[in-house]
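This is start31.txt (compact mmCIF, C-alpha atoms).
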```
# COMPACT_ATOMS: atom_id res chain seq x y z
CA MET Y 167 3.48 -186.74 135.68
CA ARG Y 168 2.98 -184.20 132.94
CA GLY Y 169 1.46 -181.63 135.30
CA LYS Y 170 4.50 -181.84 137.55
CA LYS Y 171 6.85 -181.50 134.60
CA ALA Y 172 5.09 -178.33 133.48
CA SER Y 173 6.25 -176.35 136.51
CA LYS Y 174 9.78 -177.73 136.30
CA HIS Y 175 11.15 -175.63 133.46
CA LYS Y 176 10.94 -172.15 132.03
CA VAL Y 177 11.95 -172.35 128.38
CA LEU Y 178 13.15 -169.40 126.29
CA ILE Y 179 13.26 -169.95 122.52
CA LEU Y 180 15.42 -167.43 120.68
CA GLY Y 181 14.06 -167.11 117.16
CA ALA Y 182 10.58 -168.38 118.04
CA SER Y 183 8.92 -166.65 115.08
CA GLY Y 184 10.97 -168.57 112.49
CA PHE Y 185 9.80 -171.80 110.89
CA LEU Y 186 11.55 -174.14 113.30
CA GLY Y 187 11.36 -171.86 116.35
CA SER Y 188 7.57 -171.52 116.07
CA ALA Y 189 7.19 -175.29 115.66
CA ILE Y 190 9.26 -175.81 118.83
CA TYR Y 191 7.14 -173.23 120.68
CA LYS Y 192 3.90 -175.01 119.65
CA GLU Y 193 5.27 -178.35 120.80
CA LEU Y 194 6.49 -177.14 124.22
CA CYS Y 195 4.06 -174.42 125.31
CA SER Y 196 1.44 -176.83 126.73
CA TYR Y 197 4.01 -178.59 128.91
CA PHE Y 198 6.41 -175.86 130.10
CA ARG Y 199 6.27 -172.15 130.76
CA THR Y 200 7.54 -171.22 127.32
CA PHE Y 201 8.70 -167.82 126.07
CA GLY Y 202 10.05 -166.73 122.72
CA THR Y 203 11.65 -163.89 120.80
CA TYR Y 204 10.66 -162.48 117.42
CA ASN Y 205 12.42 -159.97 115.21
CA THR Y 206 9.95 -158.28 112.85
CA SER Y 207 6.98 -156.36 114.30
CA ASN Y 208 4.00 -158.67 114.58
CA LYS Y 209 0.65 -157.56 116.01
CA ALA Y 210 -0.36 -161.03 117.23
CA LEU Y 211 2.95 -161.60 119.00
CA GLU Y 212 3.01 -158.10 120.50
CA LYS Y 213 -0.21 -158.98 122.39
CA ASN Y 214 1.26 -162.27 123.63
CA ASN Y 215 2.97 -161.76 127.01
CA HIS Y 216 5.18 -164.77 126.32
CA PHE Y 217 6.89 -163.13 123.33
CA PHE Y 218 9.55 -160.43 123.29
CA GLN Y 219 10.62 -158.41 120.29
CA TYR Y 220 14.35 -158.84 119.93
CA ASN Y 221 16.61 -157.40 117.24
CA ILE Y 222 20.04 -159.01 117.30
CA GLU Y 223 21.59 -155.91 115.75
CA GLU Y 224 20.40 -153.52 118.49
CA ASP Y 225 18.97 -155.21 121.58
CA ASP Y 226 20.66 -156.65 124.63
CA ILE Y 227 19.79 -160.28 125.33
CA TYR Y 228 20.46 -159.79 129.07
CA GLU Y 229 17.25 -157.77 129.48
CA ILE Y 230 15.12 -160.68 128.23
CA LEU Y 231 17.11 -163.22 130.28
CA GLU Y 232 16.54 -161.13 133.42
CA ILE Y 233 12.79 -160.94 132.80
CA VAL Y 234 12.25 -164.61 131.87
CA LYS Y 235 14.92 -166.24 134.07
CA PRO Y 236 14.84 -169.37 131.89
CA THR Y 237 16.06 -172.78 133.05
CA ILE Y 238 16.37 -173.87 129.42
CA ILE Y 239 17.41 -171.72 126.47
CA ILE Y 240 16.86 -172.97 122.91
CA SER Y 241 18.85 -171.07 120.31
CA SER Y 242 17.20 -171.10 116.90
CA LEU Y 243 18.34 -167.64 115.82
CA ARG Y 244 19.00 -166.42 112.30
CA GLY Y 245 20.76 -163.27 111.20
CA ASP Y 246 24.20 -161.68 111.07
CA PHE Y 247 26.81 -164.31 111.98
CA SER Y 248 29.21 -162.07 113.91
CA LYS Y 249 26.30 -160.67 115.98
CA GLN Y 250 25.14 -164.22 116.69
CA VAL Y 251 28.61 -165.17 117.93
CA LEU Y 252 28.53 -162.21 120.33
CA ILE Y 253 25.04 -163.13 121.57
CA HIS Y 254 26.14 -166.71 122.21
CA GLN Y 255 29.08 -165.44 124.25
CA HIS Y 256 26.56 -163.61 126.45
CA LEU Y 257 24.30 -166.66 126.60
CA ILE Y 258 27.20 -168.88 127.63
CA GLU Y 259 28.10 -166.52 130.50
CA TYR Y 260 24.47 -166.63 131.64
CA VAL Y 261 24.19 -170.42 131.31
CA PHE Y 262 27.40 -170.97 133.28
CA LYS Y 263 26.62 -168.46 136.02
CA ASN Y 264 23.01 -169.58 136.53
CA LYS Y 265 23.61 -173.33 136.02
CA VAL Y 266 20.91 -173.55 133.37
CA LYS Y 267 20.90 -175.47 130.10
CA ILE Y 268 21.24 -174.46 126.46
CA LEU Y 269 20.08 -176.36 123.37
CA PHE Y 270 21.74 -175.09 120.20
CA ILE Y 271 20.29 -175.79 116.75
CA SER Y 272 23.33 -176.56 114.62
CA SER Y 273 23.67 -177.96 111.11
CA ALA Y 274 25.08 -180.77 109.00
CA ASN Y 275 27.18 -177.99 107.42
CA VAL Y 276 29.69 -178.30 110.27
CA PHE Y 277 30.91 -181.29 108.22
CA ASP Y 278 30.54 -179.90 104.70
CA ALA Y 279 34.25 -180.29 103.92
CA TYR Y 280 34.00 -184.07 104.39
CA ILE Y 281 32.37 -185.31 101.22
CA LYS Y 282 33.37 -188.96 101.10
CA TYR Y 283 31.21 -190.32 103.92
CA PRO Y 284 28.40 -189.46 106.35
CA SER Y 285 29.28 -187.91 109.72
CA TYR Y 286 28.64 -189.17 113.27
CA GLU Y 287 28.40 -187.29 116.57
CA GLN Y 288 32.02 -187.67 117.64
CA ASP Y 289 33.61 -186.90 114.26
CA LYS Y 290 35.78 -183.80 114.09
CA THR Y 291 33.98 -180.84 112.53
CA TYR Y 292 35.43 -179.41 109.32
CA SER Y 293 33.75 -176.98 106.95
CA ASN Y 294 34.48 -175.09 103.73
CA SER Y 295 31.45 -172.78 104.01
CA ILE Y 296 31.00 -169.51 105.92
CA TYR Y 297 27.79 -170.93 107.42
CA GLY Y 298 29.53 -174.12 108.55
CA HIS Y 299 32.44 -172.16 110.06
CA PHE Y 300 30.02 -169.98 112.02
CA LYS Y 301 28.16 -172.99 113.44
CA ILE Y 302 31.47 -174.68 114.38
CA LYS Y 303 32.61 -171.52 116.18
CA ILE Y 304 29.49 -171.49 118.38
CA GLU Y 305 29.63 -175.26 118.94
CA ASN Y 306 33.23 -174.96 120.15
CA MET Y 307 32.30 -172.15 122.53
CA LEU Y 308 29.44 -174.24 123.95
CA LEU Y 309 31.61 -177.33 124.37
CA ARG Y 310 33.67 -175.46 126.97
CA LEU Y 311 30.64 -175.36 129.29
CA PRO Y 312 30.01 -178.17 131.82
CA LYS Y 313 28.78 -180.98 129.58
CA MET Y 314 25.43 -181.56 131.31
CA GLN Y 315 24.42 -177.97 130.50
CA VAL Y 316 24.65 -178.29 126.72
CA ALA Y 317 22.85 -180.13 123.93
CA ILE Y 318 24.05 -179.51 120.36
CA LEU Y 319 21.43 -180.57 117.84
CA ARG Y 320 22.84 -181.00 114.34
CA LEU Y 321 20.12 -181.00 111.70
CA PRO Y 322 20.24 -182.01 108.05
CA MET Y 323 17.89 -180.35 105.53
CA VAL Y 324 14.54 -179.80 107.25
CA PHE Y 325 11.36 -180.33 105.24
CA GLY Y 326 7.73 -180.09 106.35
CA SER Y 327 4.59 -178.69 104.74
CA GLN Y 328 5.28 -175.13 106.01
CA SER Y 329 9.07 -175.26 105.63
CA PRO Y 330 10.80 -172.56 103.56
CA ARG Y 331 12.18 -175.30 101.27
CA ILE Y 332 8.74 -176.68 100.42
CA GLN Y 333 7.20 -173.20 100.12
CA GLU Y 334 9.98 -172.25 97.69
CA ILE Y 335 9.36 -175.36 95.56
CA ILE Y 336 5.63 -174.52 95.39
CA GLN Y 337 6.37 -170.90 94.45
CA PHE Y 338 8.96 -171.83 91.81
CA SER Y 339 6.51 -174.27 90.28
CA LYS Y 340 3.77 -171.59 90.13
CA ASP Y 341 6.18 -169.12 88.51
CA ASN Y 342 7.61 -171.73 86.11
CA GLU Y 343 11.04 -171.11 87.64
CA PRO Y 344 13.62 -173.92 87.63
CA ILE Y 345 14.01 -175.92 90.85
CA GLU Y 346 17.64 -176.65 91.71
CA VAL Y 347 18.61 -180.26 92.30
CA PHE Y 348 22.04 -181.63 93.19
CA PRO Y 349 22.34 -185.03 91.49
CA ASN Y 350 25.56 -185.98 93.28
CA LEU Y 351 24.51 -184.99 96.79
CA ILE Y 352 23.73 -187.82 99.23
CA MET Y 353 22.09 -186.57 102.41
CA ASN Y 354 19.71 -187.40 105.18
CA VAL Y 355 16.63 -185.34 105.99
CA THR Y 356 14.08 -184.54 108.67
CA ASN Y 357 10.94 -182.50 109.29
CA ASP Y 358 9.80 -179.98 111.90
CA TYR Y 359 7.28 -182.41 113.39
CA LYS Y 360 9.95 -184.95 114.36
CA VAL Y 361 12.59 -182.41 115.45
CA THR Y 362 10.18 -180.79 117.91
CA GLN Y 363 9.28 -184.17 119.43
CA GLN Y 364 12.99 -185.00 119.76
CA ILE Y 365 13.67 -181.68 121.49
CA HIS Y 366 10.77 -182.30 123.88
CA TYR Y 367 12.24 -185.69 124.77
CA ILE Y 368 15.75 -184.25 125.27
CA ILE Y 369 14.34 -181.66 127.71
CA ASN Y 370 12.12 -184.16 129.55
CA ARG Y 371 14.86 -186.74 130.00
CA ASN Y 372 17.51 -184.12 130.74
CA LYS Y 373 19.72 -185.41 127.92
CA TYR Y 374 22.92 -183.63 126.99
CA GLY Y 375 25.74 -183.89 124.45
CA ILE Y 376 25.71 -183.90 120.66
CA PHE Y 377 22.69 -185.23 118.77
CA HIS Y 378 22.39 -185.97 115.07
CA LEU Y 379 18.69 -185.53 114.39
CA GLY Y 380 18.46 -186.78 110.81
CA SER Y 381 16.73 -189.71 109.16
CA ASN Y 382 18.33 -193.13 109.60
CA ASP Y 383 18.49 -193.59 105.83
CA LEU Y 384 20.26 -191.64 103.09
CA VAL Y 385 18.72 -190.17 99.94
CA HIS Y 386 19.99 -188.51 96.77
CA HIS Y 387 18.97 -184.85 96.73
CA GLU Y 388 17.62 -185.02 93.16
CA ASP Y 389 15.53 -188.16 93.79
CA PHE Y 390 14.14 -186.84 97.06
CA ILE Y 391 13.12 -183.46 95.63
CA LYS Y 392 11.38 -185.26 92.74
CA GLU Y 393 9.52 -187.49 95.21
CA ILE Y 394 8.48 -184.40 97.19
CA ILE Y 395 7.14 -182.78 94.04
CA ASP Y 396 5.17 -185.95 93.24
CA SER Y 397 3.72 -185.85 96.78
CA LEU Y 398 2.68 -182.21 96.39
CA GLU Y 399 0.75 -182.89 93.15
CA LEU Y 400 1.58 -179.46 91.74
CA LYS Y 401 -0.36 -178.13 88.74
CA ASN Y 402 2.62 -177.12 86.63
CA ALA Y 403 5.14 -179.66 85.41
CA PRO Y 404 8.38 -178.86 87.26
CA ILE Y 405 11.49 -177.53 85.52
CA TYR Y 406 14.72 -178.85 87.01
CA LYS Y 407 18.10 -177.19 87.04
CA ARG Y 408 20.74 -179.81 87.77
CA VAL Y 409 23.71 -178.39 89.69
CA TYR Y 410 26.97 -180.31 89.70
CA THR Y 411 29.47 -179.20 92.35
CA THR Y 412 31.62 -182.31 91.86
CA ASN Y 413 31.82 -185.25 89.46
CA ASP Y 414 31.62 -187.78 92.29
CA ASP Y 415 28.97 -188.44 94.89
CA ARG Y 416 29.37 -186.20 97.95
CA TYR Y 417 27.83 -186.71 101.36
CA LEU Y 418 26.21 -184.15 103.63
CA ALA Y 419 24.58 -186.38 106.21
CA VAL Y 420 24.51 -186.44 110.02
CA LEU Y 421 23.79 -189.96 111.25
CA PRO Y 422 23.24 -190.93 114.89
CA LYS Y 423 25.52 -193.60 116.35
CA PHE Y 424 26.28 -192.81 120.01
CA ASN Y 425 23.36 -190.60 121.11
CA THR Y 426 20.45 -192.51 119.60
CA LEU Y 427 16.88 -191.71 120.55
CA PRO Y 428 14.07 -194.26 121.14
CA LYS Y 429 12.53 -195.93 118.07
CA HIS Y 430 9.37 -193.78 118.07
CA LEU Y 431 11.54 -190.65 117.81
CA GLN Y 432 13.57 -191.88 114.85
CA ILE Y 433 12.62 -190.94 111.31
CA LYS Y 434 12.97 -192.30 107.79
CA SER Y 435 12.87 -190.20 104.63
CA ASP Y 436 9.58 -191.88 103.60
CA ASP Y 437 7.91 -190.52 106.76
CA ILE Y 438 8.50 -187.00 105.45
CA LEU Y 439 6.90 -187.80 102.08
CA THR Y 440 3.94 -189.43 103.84
CA GLU Y 441 3.39 -186.32 105.98
CA LEU Y 442 3.36 -184.09 102.87
CA LYS Y 443 0.63 -186.22 101.27
CA ILE Y 444 -1.74 -185.84 104.24
```

Can you present the structure in this file as structure tokens?
Amino acid sequence: MRGKKASKHKVLILGASGFLGSAIYKELCSYFRTFGTYNTSNKALEKNNHFFQYNIEEDDIYEILEIVKPTIIISSLRGDFSKQVLIHQHLIEYVFKNKVKILFISSANVFDAYIKYPSYEQDKTYSNSIYGHFKIKIENMLLRLPKMQVAILRLPMVFGSQSPRIQEIIQFSKDNEPIEVFPNLIMNVTNDYKVTQQIHYIINRNKYGIFHLGSNDLVHHEDFIKEIIDSLELKNAPIYKRVYTTNDDRYLAVLPKFNTLPKHLQIKSDDILTELKI
């Protein structure tokens, strides 16, 4: 079956040189004809015919779409928010006209104004942050497309041995810099390994709609960061800077309720700690 699947889709990952984008590329490239974009000049990627240099400030996305003719677009871009909104307008036109599918990597921040409880797929989005507003804007644009052509993947904080968050903790520890913890923040978490498997499944099974791809359990930010640091067995004793944004507990968690994935694709916070110890 897998051989047949491989010829079924052409996948274009926008932002394939970033932490999550490159993990998605590695997961999919053996199964589908997979292409990606990168921003900063990179000798290895320049030699790879499956990668295109793409600067969101200057380049036209249509050129890459015309060359690749993807059947699935995965948007994992970073960069200027207003430019990203414009790019997504172009992507939506392409998706609609060519009857292809788009998977958009969104964020728990689309709910960051709701602090009293976790959020589920069908809850109304509401944000106090610029980042959350930007993600909501693109989500709302995508939700106007025919529903089978869109998957919105809302992620909580993503950890993983190569993740920017873990790398920053390691660097701060080396430099004896304080590591910020939010004692009142209750969240769920995930890692790149699980997210890429979930994306693979969503493509294979032709799933659509809104997915909350976080752990099934909730953790306190401060406790979880301390457990991560224990797992990493760092040389220097960590220095913590406790940041209080509110006196009460606040939630930033995206829990699945309606669009649940099979058991083997679900994750618990302990799984992330286990992976870091390996």

> Expressed in Å to a single decimal, how great is the separation between CA of Asn205 in chain Y and CA of Tyr220 in chain Y?
Replying inline: 5.2 Å

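Comparing the minimum interatomic distances between Gln363 in chain Y and each of Y:Ser293, Y:Ser285, Y:Ser273, Y:Gln432, counting all atoms listed in the file, we find that Y:Gln432 sits nearest.
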
> Closest to Leu231 in chain Y among Y:Asn264, Y:Asn372, Y:Thr291, Y:Gln337, using only C-alpha atoms?
Replying inline: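 The shortest atom-to-atom distance to Leu231 in chain Y comes from Y:Asn264.
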
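One distance worth recording is that between CA of Gly298 in chain Y and CA of Ser242 in chain Y, which is 15.2 Å.
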
>> Residues near range 190-200 of chain Y, anyone? I mean within 12 Å using all atoms listed in the file, not counting same-chain ones fewer than 5 positions away, as a VMD selection string.
In response: chain Y and resid 167 to 185 214 to 218 234 to 242 269 271 357 to 370

Excluding range 405-421 of chain Y and its own-chain neighbours fewer than 6 positions away, which residues fall within 9 Å of it when counting all atoms listed in the file? Please give them as a compact mmCIF listing (two decimals) with C-alpha atoms, keeping the file's coordinate frame.
```txt
# COMPACT_ATOMS: atom_id res chain seq x y z
CA SER Y 273 23.67 -177.96 111.11
CA ALA Y 274 25.08 -180.77 109.00
CA ASN Y 275 27.18 -177.99 107.42
CA PHE Y 277 30.91 -181.29 108.22
CA ASP Y 278 30.54 -179.90 104.70
CA ALA Y 279 34.25 -180.29 103.92
CA TYR Y 280 34.00 -184.07 104.39
CA ILE Y 281 32.37 -185.31 101.22
CA LYS Y 282 33.37 -188.96 101.10
CA TYR Y 283 31.21 -190.32 103.92
CA PRO Y 284 28.40 -189.46 106.35
CA SER Y 285 29.28 -187.91 109.72
CA TYR Y 286 28.64 -189.17 113.27
CA GLU Y 287 28.40 -187.29 116.57
CA ARG Y 320 22.84 -181.00 114.34
CA LEU Y 321 20.12 -181.00 111.70
CA PRO Y 322 20.24 -182.01 108.05
CA PHE Y 338 8.96 -171.83 91.81
CA SER Y 339 6.51 -174.27 90.28
CA ASN Y 342 7.61 -171.73 86.11
CA GLU Y 343 11.04 -171.11 87.64
CA PRO Y 344 13.62 -173.92 87.63
CA ILE Y 345 14.01 -175.92 90.85
CA GLU Y 346 17.64 -176.65 91.71
CA VAL Y 347 18.61 -180.26 92.30
CA PHE Y 348 22.04 -181.63 93.19
CA PRO Y 349 22.34 -185.03 91.49
CA ASN Y 350 25.56 -185.98 93.28
CA LEU Y 351 24.51 -184.99 96.79
CA ILE Y 352 23.73 -187.82 99.23
CA MET Y 353 22.09 -186.57 102.41
CA ASN Y 354 19.71 -187.40 105.18
CA VAL Y 355 16.63 -185.34 105.99
CA PHE Y 377 22.69 -185.23 118.77
CA HIS Y 378 22.39 -185.97 115.07
CA LEU Y 379 18.69 -185.53 114.39
CA GLY Y 380 18.46 -186.78 110.81
CA SER Y 381 16.73 -189.71 109.16
CA ASN Y 382 18.33 -193.13 109.60
CA ASP Y 383 18.49 -193.59 105.83
CA LEU Y 384 20.26 -191.64 103.09
CA GLU Y 388 17.62 -185.02 93.16
```

> Which is closer to Gln315 in chain Y than all the others in Y:Ile302, Y:Leu257, Y:Ile332, Y:Leu439, using all atoms listed in the file?
Replying inline: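 Closest candidate: Y:Leu257.
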
>> Between Y:Lys301, Y:Lys392, Y:Lys423, Y:Ile227, which residue has the minimum interatomic distance to Pro404 in chain Y, considering only C-alpha atoms?
In response: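 Between Y:Lys301, Y:Lys392, Y:Lys423, Y:Ile227, the residue approaching Pro404 in chain Y most closely is Y:Lys392.
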
> Between Y:Thr356, Y:Lys263, Y:Val251, Y:Asp341, which one has atoms that come closest to His299 in chain Y, using all atoms listed in the file?
Replying inline: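 Result for the nearest residue to His299 in chain Y: Y:Val251.
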
How big is the axis-aligned box, and where does its centre sit, when it encloses all atoms of range 231-248 of chain Y listed in the file and has 3 Å added on every side, reported in Å to one decimal as JSON?
```
{"center_x": 20.7, "center_y": -167.4, "center_z": 122.6, "size_x": 23.0, "size_y": 18.9, "size_z": 29.0}
```

>> Need to verify the contact set: Leu308 in chain Y, 10 Å, all atoms listed in the file, exclusion of same-chain residues closer than 3 positions in sequence. Can you return it as number ranges by chain?
In response: Y: 254-255, 257-258, 261, 268-270, 302-305, 311-313, 315-318

> Between CA of Leu319 in chain Y and CA of Phe390 in chain Y, what is the distance, to one decimal in Å?
Replying inline: 22.9 Å
